[in-house]
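As structure tokens, the structure follows; a few thoughts come after it.
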Amino acid sequence: MTSSATTAPSPAARLTSGSWWFRSPDGRLTLWQLPNPALYVWLAAVVLGRFDLSATHATAVDGIRHGALLVWALDEVARGASPFRRVLGLVVLVAQLVSLVQA
């Protein structure tokens, strides 16, 4: 008697599978998702930071830029749709925290 049930791949097999890294649990390819308000705020702050701003305004824009990226990273770590997105969120979170500690 043979069984048609499939067995789950081993954890090692999943880690090396590109499909597992970039797909959500329901099988959709999830490299990015729209809308993404935190990234919109970050992008706006990056653009504003390119202008010749007073020191006070530049500091405020820089704080908004870092804050938006921290919010995005925390959201990805907590609710990322794929393992890639969760790892990316963790990398960005660590980089932002290191950047803030060194400032």
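Here's how to read the names in the structure tokens: chain A, B, ... by the order shown, residue numbers from 1 in each chain, ligand numbers from 1 in the order shown.
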
Residues flagged helix (DSSP H, G or I) by DSSP in chain A, as a PyMOL selection string: chain A and resi 11-15+18-22+37-49+55-79+83-102

Generate the output file for the selected residues, C-alpha atoms, as a PDB file, in the first residue's frame.
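Writing done, so here's out-v3.pdb:
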ATOM      1  CA  PRO A  11      14.415  22.223   7.747  1.00  0.00           C
ATOM      2  CA  ALA A  12      17.738  22.050   5.888  1.00  0.00           C
ATOM      3  CA  ALA A  13      15.939  21.530   2.576  1.00  0.00           C
ATOM      4  CA  ARG A  14      13.695  24.526   3.252  1.00  0.00           C
ATOM      5  CA  LEU A  15      16.648  26.791   4.079  1.00  0.00           C
ATOM      6  CA  GLY A  18      14.601  29.837  -2.964  1.00  0.00           C
ATOM      7  CA  SER A  19      10.875  29.319  -3.076  1.00  0.00           C
ATOM      8  CA  TRP A  20      10.652  29.011   0.706  1.00  0.00           C
ATOM      9  CA  TRP A  21      12.654  32.204   1.266  1.00  0.00           C
ATOM     10  CA  PHE A  22      10.591  34.415  -1.048  1.00  0.00           C
ATOM     11  CA  PRO A  37       3.496  53.837   4.758  1.00  0.00           C
ATOM     12  CA  ALA A  38       6.713  53.584   6.786  1.00  0.00           C
ATOM     13  CA  LEU A  39       8.797  53.291   3.611  1.00  0.00           C
ATOM     14  CA  TYR A  40       6.898  56.195   2.026  1.00  0.00           C
ATOM     15  CA  VAL A  41       7.773  58.364   5.039  1.00  0.00           C
ATOM     16  CA  TRP A  42      11.397  57.182   4.878  1.00  0.00           C
ATOM     17  CA  LEU A  43      11.617  57.967   1.145  1.00  0.00           C
ATOM     18  CA  ALA A  44      10.094  61.426   1.655  1.00  0.00           C
ATOM     19  CA  ALA A  45      12.623  62.103   4.428  1.00  0.00           C
ATOM     20  CA  VAL A  46      15.488  60.962   2.186  1.00  0.00           C
ATOM     21  CA  VAL A  47      14.315  63.343  -0.555  1.00  0.00           C
ATOM     22  CA  LEU A  48      13.869  66.219   1.914  1.00  0.00           C
ATOM     23  CA  GLY A  49      17.329  65.525   3.317  1.00  0.00           C
ATOM     24  CA  ALA A  55      20.602  72.491  11.128  1.00  0.00           C
ATOM     25  CA  THR A  56      17.364  72.197  13.113  1.00  0.00           C
ATOM     26  CA  HIS A  57      15.348  71.020  10.119  1.00  0.00           C
ATOM     27  CA  ALA A  58      18.100  68.636   8.992  1.00  0.00           C
ATOM     28  CA  THR A  59      18.149  67.060  12.461  1.00  0.00           C
ATOM     29  CA  ALA A  60      14.364  66.673  12.436  1.00  0.00           C
ATOM     30  CA  VAL A  61      14.349  65.118   8.953  1.00  0.00           C
ATOM     31  CA  ASP A  62      17.171  62.762   9.958  1.00  0.00           C
ATOM     32  CA  GLY A  63      15.213  61.666  13.034  1.00  0.00           C
ATOM     33  CA  ILE A  64      12.105  61.055  10.943  1.00  0.00           C
ATOM     34  CA  ARG A  65      14.174  59.063   8.433  1.00  0.00           C
ATOM     35  CA  HIS A  66      15.651  56.827  11.130  1.00  0.00           C
ATOM     36  CA  GLY A  67      12.315  56.476  12.926  1.00  0.00           C
ATOM     37  CA  ALA A  68      10.443  55.457   9.779  1.00  0.00           C
ATOM     38  CA  LEU A  69      13.052  52.837   8.941  1.00  0.00           C
ATOM     39  CA  LEU A  70      12.934  51.484  12.505  1.00  0.00           C
ATOM     40  CA  VAL A  71       9.141  51.187  12.293  1.00  0.00           C
ATOM     41  CA  TRP A  72       9.400  49.413   8.934  1.00  0.00           C
ATOM     42  CA  ALA A  73      12.078  47.018  10.218  1.00  0.00           C
ATOM     43  CA  LEU A  74      10.135  46.151  13.370  1.00  0.00           C
ATOM     44  CA  ASP A  75       7.013  45.526  11.304  1.00  0.00           C
ATOM     45  CA  GLU A  76       8.915  43.213   8.937  1.00  0.00           C
ATOM     46  CA  VAL A  77      10.480  41.277  11.822  1.00  0.00           C
ATOM     47  CA  ALA A  78       7.081  40.846  13.460  1.00  0.00           C
ATOM     48  CA  ARG A  79       4.827  40.385  10.426  1.00  0.00           C
ATOM     49  CA  PRO A  83      11.477  34.509   5.682  1.00  0.00           C
ATOM     50  CA  PHE A  84      13.474  36.827   3.401  1.00  0.00           C
ATOM     51  CA  ARG A  85      11.414  39.821   4.510  1.00  0.00           C
ATOM     52  CA  ARG A  86      11.793  38.911   8.199  1.00  0.00           C
ATOM     53  CA  VAL A  87      15.576  38.526   7.856  1.00  0.00           C
ATOM     54  CA  LEU A  88      15.815  41.771   5.861  1.00  0.00           C
ATOM     55  CA  GLY A  89      13.834  43.539   8.579  1.00  0.00           C
ATOM     56  CA  LEU A  90      16.185  42.167  11.232  1.00  0.00           C
ATOM     57  CA  VAL A  91      19.286  43.277   9.302  1.00  0.00           C
ATOM     58  CA  VAL A  92      17.882  46.792   8.814  1.00  0.00           C
ATOM     59  CA  LEU A  93      16.793  46.943  12.470  1.00  0.00           C
ATOM     60  CA  VAL A  94      20.273  46.009  13.715  1.00  0.00           C
ATOM     61  CA  ALA A  95      21.919  48.473  11.304  1.00  0.00           C
ATOM     62  CA  GLN A  96      19.633  51.297  12.442  1.00  0.00           C
ATOM     63  CA  LEU A  97      20.202  50.533  16.129  1.00  0.00           C
ATOM     64  CA  VAL A  98      23.982  50.466  15.611  1.00  0.00           C
ATOM     65  CA  SER A  99      23.739  53.748  13.702  1.00  0.00           C
ATOM     66  CA  LEU A 100      21.757  55.361  16.519  1.00  0.00           C
ATOM     67  CA  VAL A 101      24.149  54.103  19.218  1.00  0.00           C
ATOM     68  CA  GLN A 102      27.163  55.449  17.319  1.00  0.00           C
TER      69      GLN A 102
END
